[in-house]
Amino acid sequence: MKAISVPIAMLITLLLLISILIPAFIIFSENPIYTSQGQFQSSLYVQAQNYQNNQVYRGNPNIYYNSSSKPNLQFYFNSLPTPFNISQIYYFNGSLWVPILKNNIVISGNSKLPLPPKVQNKPIIILTSLANIYFLNPNTSVTTVTLSGPAGKVPIYITSYVINSSKIIPISLLVTFGSNPPALTPAIYYVNPGTYTISNKNSSIIFLKGYGLTAKFLDWELVGQGTINSKSPQSLIFTAYGPTVITILYNASLTKYSVTIVPSGIPLGQSIKQGGSVTLTALNKTIPVTIDNKTYQIPSSGITLNLTYGYHIVKFPTQYNITFNYTYNNTVIQAGEIITYSFSKLTTANSKNITVISNNTIFVNGTGTVYGNYIINSTYYLVTVKNDFTLPSGYGLVSNTSPVLGNLAGQLIQINNTYVWGPTTNYVPQKFYVKANSIFTITSNYSTYLPNGSYTLLYNKNNNHKQITFVFVSLLSYPDNVTIIYANGTPKPLHVGSSFTVSSPITVINYETWKYGATAG
């Protein structure tokens with residue numbers, strides 16, 4: 001009896017195991033219904049996110065951030081409105097992303113959403129109920145910036161600003177996120193939830209050339225679903241759980257110092273001696289200098305500005321021409337000389353307070369003086385060319401229908417077989433500058449002026465008061481000589497083939513005599 005009971009007990013135990021294991025096998029070998037439901041719901045959620053983004057980028061709605069004195073968000077739908085549910089709006093107050101809304105807001109048609117006055121000229125972030133995040137700088141529209149991405153990934157948006165008092169300036173900084181290659185901000189990454197290192201590849205002190213500001217690293221700021229475990233000016237360790245905006249902040253120093261900018265080695269509005277008998281008086285009284293993208297006309301005494309701590313651009317002209325009145329003894333030749341000055345370098349009287357970084361950049365750390373130094377490059381003298389037409393001895397002009405006497409245009413001198421000197425307008429001398437100590441040769445002297453009309457001349461032969469009247473219809477001149485008059489008054493008569501040196505301002509006079517005339521018939 002006992003032997004039979006053992007097999008019976010084993011059979012009962014086997015039946016019980018079968019009754020438990022088979023259902024368990026069936027249950028664990030199939031996908032649980034709640035898992036399928038969760039995956040289905042997740043898929044629908046991602047689809048809804050993507051649909052909302054697609055609608056926004058197609059302008060349904062078009063979202064514009066009007067950052068005027070009465071800031072607002074403007075929503076315009078270009079087709080059948082789809083409710084747009086906003087969970088929160090953040091604005092950047094200079095150090096933190098601050099939430100604005102107390103409750104969700106649903107936008108269901110064309111409308112304007114007023115924003116608090118404190119958000120004026122500050123960037124904002126719109127967070128929707130579908131966890132899409134839209135980033136807007138003042139007076140911009142949502143176009144291509146989004147914080148949603150591939151399914152299963154979380155978007156991380158990195159941006160950067162310089163705070164200058166109440167003004168927030170967007171800037172581009174070089175950053176790296178995890179193992180990704182360096183990129184300029186604003187930058188967006190789609191990553192798996194986890195921990196990453198973010199590096200700021202820029203110095204802790206940066207210079208904004210367009211603003212003339214130097215900024216120091218201030219802080220990292222975060223809004224969204226993430227935490228910062230440790231941070232420094234150059235890097236931080238960040239753990240991502242969901243969409244996050246990370247902001248790198250720099251602060252532009254408002255400390256200002258009195259800095260004087262002085263041109264040196266260039267005589268602005270001053271008189272200088274040249275040789276023993278020549279005085280040069282500068283007609284230029286100022287020089288244009290660009291300081292942080294603003295141009296100042298600076299006199300010889302300089303200009304004093306209040307410059308902030310940090311880098312500044314000080315750009316003197318590479319070359320600058322000074323025009324001088326040329327005085328020899330008591331004779332003044334207006335604008336008789338030009339000297340070209342070349343910029344050499346910036347120097348400073350106090351290197352502890354002001355450091356010269358390059359030929360157009362300084363670093364200000366206190367009060368001081370900066371000199372823009374010039375040296376003489378080249379000198380040019382004024383050349384005045386005129387003609388002098390006269391009648392032969394004994395002839396006087398009674399009447400004429402066109403000019404025949406004085407500085408008339410049309411008589412030209414060819415110089416070095418290349419240049420043509422001579423007035424082109426009656427009674428107006430030709431003026432130009434040539435390099436000092438240039439040597440020229442007269443290679444031709446010719447006329448392009450042949451007067452035609454009626455010219456009555458009175459001839460007094462041998463001054464015996466016996467006068468003869470001539471009427472000509474045309475006149476023809478003949479060159480007498482070309483005379484160079486130097487600044488000291490010394491004349492030098494020349495002819496074709498003669499050479500001369502321009503060692504001071506000179507006047508070139510081409511003397512012509514009307515030698516021949518044609519009568520009517």
# chains A, B, ... in the order shown; residues from 1 in each chain; ligands from 1
$ residues_around --residues "Phe432 in chain A" --least-positions-apart "2" --cutoff "8 Å" --atoms "only C-alpha atoms" --output "list in words"
Leu382, Val383, Thr384, Gln430 and Val434 of chain A
$ residues_around --residues "range 194-210 of chain A" --least-positions-apart "6" --cutoff "6 Å" --atoms "only C-alpha atoms" --output "list in words"
Leu174, Val175, Thr176, Phe177, Gly178, Lys216, Phe217, Gln234, Ser235, Leu236, Ile237, Phe238, Thr239 and Ala240 of chain A
$ atom_distance --atom1 "CA of Val56 in chain A" --atom2 "CA of Phe84 in chain A"
9.4 Å
$ select_by_dssp --residues "range 26-229 of chain A" --states "alpha helix (DSSP H)" --output "list in words"
Ile26, Ile27, Phe28, Ile33, Tyr34, Thr35, Ser36, Gln37, Gly38, Gln39, Phe40, Gln41, Ser42, Ser43, Leu44, Tyr45, Val46, Gln47, Ala48, Gln49, Asn50, Tyr51, Gln52, Asn53, Asn54, Gln55, Val56 and Tyr57 of chain A
$ atom_distance --atom1 "CA of Asn293 in chain A" --atom2 "CA of Gly265 in chain A"
23.9 Å
$ closest_residue --among "A:Tyr161, A:Phe92, A:Phe316, A:Tyr341" --to "Pro186 in chain A" --atoms "only C-alpha atoms"
A:Tyr161
$ decode --residues "range 420-449 of chain A" --atoms "N, CA, C and O atoms" --output "mmCIF file, in the first residue's frame"
data_model
loop_
_atom_site.group_PDB
_atom_site.id
_atom_site.type_symbol
_atom_site.label_atom_id
_atom_site.label_comp_id
_atom_site.auth_asym_id
_atom_site.auth_seq_id
_atom_site.Cartn_x
_atom_site.Cartn_y
_atom_site.Cartn_z
ATOM 1 N N VAL A 420 51.722 115.525 -70.659
ATOM 2 C CA VAL A 420 51.354 116.772 -71.328
ATOM 3 C C VAL A 420 50.961 117.781 -70.262
ATOM 4 O O VAL A 420 50.045 117.544 -69.468
ATOM 5 N N TRP A 421 51.684 118.889 -70.233
ATOM 6 C CA TRP A 421 51.411 119.949 -69.278
ATOM 7 C C TRP A 421 50.839 121.151 -70.026
ATOM 8 O O TRP A 421 51.286 121.508 -71.118
ATOM 9 N N GLY A 422 49.881 121.812 -69.422
ATOM 10 C CA GLY A 422 49.315 123.025 -70.004
ATOM 11 C C GLY A 422 47.869 123.196 -69.598
ATOM 12 O O GLY A 422 47.145 122.215 -69.377
ATOM 13 N N PRO A 423 47.403 124.448 -69.466
ATOM 14 C CA PRO A 423 46.014 124.705 -69.054
ATOM 15 C C PRO A 423 45.021 124.240 -70.115
ATOM 16 O O PRO A 423 45.305 124.274 -71.315
ATOM 17 N N THR A 424 43.873 123.834 -69.645
ATOM 18 C CA THR A 424 42.808 123.381 -70.554
ATOM 19 C C THR A 424 41.640 124.357 -70.581
ATOM 20 O O THR A 424 40.714 124.175 -71.370
ATOM 21 N N THR A 425 41.684 125.371 -69.733
ATOM 22 C CA THR A 425 40.641 126.399 -69.695
ATOM 23 C C THR A 425 41.316 127.765 -69.697
ATOM 24 O O THR A 425 42.322 127.973 -68.996
ATOM 25 N N ASN A 426 40.775 128.662 -70.477
ATOM 26 C CA ASN A 426 41.351 130.005 -70.558
ATOM 27 C C ASN A 426 41.429 130.660 -69.185
ATOM 28 O O ASN A 426 40.456 130.644 -68.402
ATOM 29 N N TYR A 427 42.578 131.248 -68.904
ATOM 30 C CA TYR A 427 42.832 132.042 -67.698
ATOM 31 C C TYR A 427 42.824 131.216 -66.400
ATOM 32 O O TYR A 427 42.821 131.785 -65.309
ATOM 33 N N VAL A 428 42.811 129.874 -66.537
ATOM 34 C CA VAL A 428 42.852 129.004 -65.349
ATOM 35 C C VAL A 428 44.132 128.167 -65.421
ATOM 36 O O VAL A 428 44.254 127.283 -66.279
ATOM 37 N N PRO A 429 45.101 128.417 -64.559
ATOM 38 C CA PRO A 429 46.346 127.652 -64.603
ATOM 39 C C PRO A 429 46.090 126.171 -64.283
ATOM 40 O O PRO A 429 45.176 125.816 -63.544
ATOM 41 N N GLN A 430 46.914 125.318 -64.834
ATOM 42 C CA GLN A 430 46.885 123.901 -64.467
ATOM 43 C C GLN A 430 47.743 123.714 -63.220
ATOM 44 O O GLN A 430 48.853 124.252 -63.129
ATOM 45 N N LYS A 431 47.210 122.930 -62.240
ATOM 46 C CA LYS A 431 47.956 122.704 -61.006
ATOM 47 C C LYS A 431 47.958 121.213 -60.673
ATOM 48 O O LYS A 431 46.934 120.537 -60.788
ATOM 49 N N PHE A 432 49.111 120.744 -60.246
ATOM 50 C CA PHE A 432 49.244 119.347 -59.824
ATOM 51 C C PHE A 432 50.512 119.222 -58.982
ATOM 52 O O PHE A 432 51.285 120.196 -58.844
ATOM 53 N N TYR A 433 50.706 118.044 -58.423
ATOM 54 C CA TYR A 433 51.867 117.815 -57.555
ATOM 55 C C TYR A 433 52.763 116.739 -58.160
ATOM 56 O O TYR A 433 52.272 115.768 -58.747
ATOM 57 N N VAL A 434 54.071 116.938 -57.992
ATOM 58 C CA VAL A 434 55.038 115.918 -58.417
ATOM 59 C C VAL A 434 55.970 115.634 -57.243
ATOM 60 O O VAL A 434 56.148 116.468 -56.343
ATOM 61 N N LYS A 435 56.559 114.464 -57.281
ATOM 62 C CA LYS A 435 57.443 114.056 -56.192
ATOM 63 C C LYS A 435 58.689 114.928 -56.163
ATOM 64 O O LYS A 435 59.233 115.302 -57.208
ATOM 65 N N ALA A 436 59.119 115.263 -54.962
ATOM 66 C CA ALA A 436 60.275 116.142 -54.798
ATOM 67 C C ALA A 436 61.505 115.577 -55.500
ATOM 68 O O ALA A 436 61.754 114.364 -55.482
ATOM 69 N N ASN A 437 62.259 116.490 -56.133
ATOM 70 C CA ASN A 437 63.523 116.182 -56.814
ATOM 71 C C ASN A 437 63.341 115.324 -58.062
ATOM 72 O O ASN A 437 64.295 114.687 -58.521
ATOM 73 N N SER A 438 62.109 115.322 -58.597
ATOM 74 C CA SER A 438 61.902 114.655 -59.888
ATOM 75 C C SER A 438 62.564 115.482 -60.992
ATOM 76 O O SER A 438 62.570 116.718 -60.957
ATOM 77 N N ILE A 439 63.103 114.799 -61.994
ATOM 78 C CA ILE A 439 63.756 115.462 -63.115
ATOM 79 C C ILE A 439 62.907 115.257 -64.363
ATOM 80 O O ILE A 439 62.500 114.130 -64.682
ATOM 81 N N PHE A 440 62.657 116.366 -65.073
ATOM 82 C CA PHE A 440 61.825 116.315 -66.274
ATOM 83 C C PHE A 440 62.559 116.961 -67.447
ATOM 84 O O PHE A 440 63.381 117.874 -67.264
ATOM 85 N N THR A 441 62.226 116.492 -68.646
ATOM 86 C CA THR A 441 62.786 117.049 -69.874
ATOM 87 C C THR A 441 61.662 117.476 -70.802
ATOM 88 O O THR A 441 60.687 116.730 -70.994
ATOM 89 N N ILE A 442 61.792 118.701 -71.370
ATOM 90 C CA ILE A 442 60.795 119.177 -72.328
ATOM 91 C C ILE A 442 61.088 118.519 -73.677
ATOM 92 O O ILE A 442 62.172 118.696 -74.255
ATOM 93 N N THR A 443 60.156 117.723 -74.164
ATOM 94 C CA THR A 443 60.385 117.004 -75.428
ATOM 95 C C THR A 443 59.592 117.588 -76.589
ATOM 96 O O THR A 443 59.849 117.234 -77.746
ATOM 97 N N SER A 444 58.628 118.489 -76.305
ATOM 98 C CA SER A 444 57.882 119.116 -77.395
ATOM 99 C C SER A 444 57.101 120.289 -76.840
ATOM 100 O O SER A 444 56.751 120.327 -75.651
ATOM 101 N N ASN A 445 56.821 121.273 -77.712
ATOM 102 C CA ASN A 445 56.026 122.437 -77.346
ATOM 103 C C ASN A 445 55.121 122.737 -78.535
ATOM 104 O O ASN A 445 55.607 123.156 -79.595
ATOM 105 N N TYR A 446 53.848 122.514 -78.406
ATOM 106 C CA TYR A 446 52.958 122.627 -79.575
ATOM 107 C C TYR A 446 51.640 123.276 -79.180
ATOM 108 O O TYR A 446 51.273 123.337 -78.001
ATOM 109 N N SER A 447 50.922 123.752 -80.211
ATOM 110 C CA SER A 447 49.674 124.467 -79.973
ATOM 111 C C SER A 447 48.498 123.707 -80.582
ATOM 112 O O SER A 447 48.609 123.131 -81.667
ATOM 113 N N THR A 448 47.381 123.731 -79.863
ATOM 114 C CA THR A 448 46.122 123.203 -80.404
ATOM 115 C C THR A 448 45.103 124.323 -80.556
ATOM 116 O O THR A 448 43.930 124.066 -80.839
ATOM 117 N N TYR A 449 45.566 125.574 -80.346
ATOM 118 C CA TYR A 449 44.653 126.718 -80.382
ATOM 119 C C TYR A 449 44.972 127.583 -81.587
ATOM 120 O O TYR A 449 46.079 128.124 -81.716
#
